[in-house]
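S.K.: Quick one: the structure is below, and I'll ask about it shortly.
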Amino acid sequence: MTVPADESADHSADHSAPATADTLPSALDAPAVARRLDGRRPAVFLDYDGVLTPIVPRPEDAVMTDGMRAILRSLAGRCSVCIVSGRDRAVVEELSGVDDLVIAGSHGFDIWDPQRGAIEHEASRGWEDLVAEVTQRVQVAAADIEGTQVEPKHASVALHDRHVAADERPRVAALVDEVLAEHPGQLRVTPGKFVHEIQPKIDWNKGKAVDHLIGVLDLDHPDIVPIYLGDDITDEDAFRALARRETPGLGVLVIDPADAAGRETAATAVLATVDEVGRFLDGLAR
Ligand SMILES: O=P(O)(O)OC[C@H]1O[C@H](O[C@H]2O[C@H](CO)[C@@H](O)[C@H](O)[C@H]2O)[C@H](O)[C@@H](O)[C@@H]1O
């Protein structure tokens, strides 16, 4: 979709000021999106869980629908489309059934372009032994806490506690604290939805990955607007990265309206559901 320029666009707004999600327009509101696109082409960056698929009880069941896949294919025929996920890249490929898009997996640590191959960056390596050691440690210790699920990943280990009894969850948090204390200054925990993501403490995140991709994929042009859709706290790095750009991009937070009032975000618009994501992307593809 190339949206015509809107004369009334307010380009002077401070896009870095935190807002709560309930104050933001829906990205399905054409004038709001038109103002941001201002006649330029989009380049679309998409989180996976909670955006391309609904959040489901078990990570392995988050399979993308044929309908969403068709929308992505059609959108990719019109503009650049990249998936930026906390998941491992290979898992995103498997669950989405998509292997011809750029995917930044493992929170942007592991980036692959089907055309160019691996896209290297400043945090591409150096943490492998640490992640392997911590993964093993977490796997052994979590076996004692009923309901935990350990997801080993390329550059992190995810410790899920969605199915742990509420009164046992403090044990999971204590285990994470212990593991961090065993590696002073080397690890950090990234919060998620019923998951503790233990990662190397390296200054790299989805926002840095998106900025890097904009450079490598030659998308840093005045006639291209980067758009990022995400639902989680880790996606805020990407929203901030887009808001900081000389010509700010469009950050779209996918959030249940019931949770929107309490959620500060650097996004500039919202969508309520994965179905709305499909409608928004379908609109961009036309
Ligand atoms: O960056 P994302 O693509 O959004 O990935 C974030 C995490 O998503 C997955 O966990 C979450 O989704 C699961 C499936 O809906 C859900 O069962 C789980 O409770 C959520 O935390 C994934 O398993 C993680 O590795 C990703 O980091």
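Letters A, B, ... mark the chains of the structure tokens in the order given; residue numbers begin at 1 per chain; ligand numbers begin at 1, in order shown.
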Within 7 Å of ligand 1, which residues show up when you count only C-alpha atoms and all ligand atoms? List them as a count of residues only, please.

M.R.: 30

S.K.: List every residue of stretch 18-187 of chain A that DSSP, applied to the backbone, labels as alpha helix (DSSP H), and write the result as a count of residues only.

M.R.: 56

S.K.: Could you name the residues that touch A:Ala285 at 9 Å or less, counting only C-alpha atoms, but leaving out those on the same chain fewer than 6 positions away, as a list of chain:residue names?

M.R.: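 Result of the neighbour search: A:Met1, A:Ile71, A:Leu72, A:Ser74, A:Leu75, A:Ala76, A:Gly77, A:Arg78, A:Cys79.
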
S.K.: Kindly indicate which residue among A:Glu182, A:Glu168, A:Asp100, A:Glu120 lies nearest to A:Val138, using only C-alpha atoms for the distances.

M.R.: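 Among the listed residues, the smallest separation from A:Val138 belongs to A:Glu182.
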
S.K.: Find the distance between atom CA of A:Glu133 and atom CA of A:Val102 and write it in Å to one decimal.

M.R.: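 Separating atom CA of A:Glu133 from atom CA of A:Val102 is a distance of 29.0 Å.
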
S.K.: Under the rule that only C-alpha atoms are counted, which of A:Gly215, A:Val81, A:Arg244, A:Leu229 is the nearest residue to A:Ala272?

M.R.: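 Once distances to A:Ala272 are computed over only C-alpha atoms, the minimum belongs to A:Leu229.
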
S.K.: Between atom CA of A:Ser26 and atom CA of A:Asp256, what is the distance, to one decimal in Å?

M.R.: 11.9 Å

S.K.: Report as a PyMOL selection string all protein, DNA and RNA residues lying within 10 Å of A:Glu94, evaluated on only C-alpha atoms, omitting residues in the same chain fewer than 5 positions from it.

M.R.: chain A and resi 60+63-64+89+99

S.K.: Which one is closest to A:Val131: A:Val98, A:Ala173, A:Ala118, A:Lys201? Count only C-alpha atoms.

M.R.: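 Nearest to A:Val131: A:Lys201.
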
S.K.: Would you kindly return, as a list in words, each protein, DNA or RNA residue with an atom no farther than 12 Å from any atom of A:Arg41, considering only C-alpha atoms and excluding same-chain residues fewer than 4 positions away?

M.R.: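 In the requested form, the answer reads Met1, Thr2, Val3, Pro4, Ala5, Val33, Ala34, Arg36, Leu37, Leu75, Arg78, Cys79, Ser80, Val81, Leu219, Asp220, His221, Pro222, Asp223, Ile224, Val225, Pro226, Ile227, Gly249, Leu250, Leu284, Ala285 and Arg286 of chain A.
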
S.K.: Please return, as a PyMOL selection string, all residues of stretch 63-225 of chain A that DSSP assigns to strand (DSSP E) on the basis of the backbone.

M.R.: chain A and resi 81-84+102-105+110-113+117-119+149-152+157-160+187-191+195-200+224-225
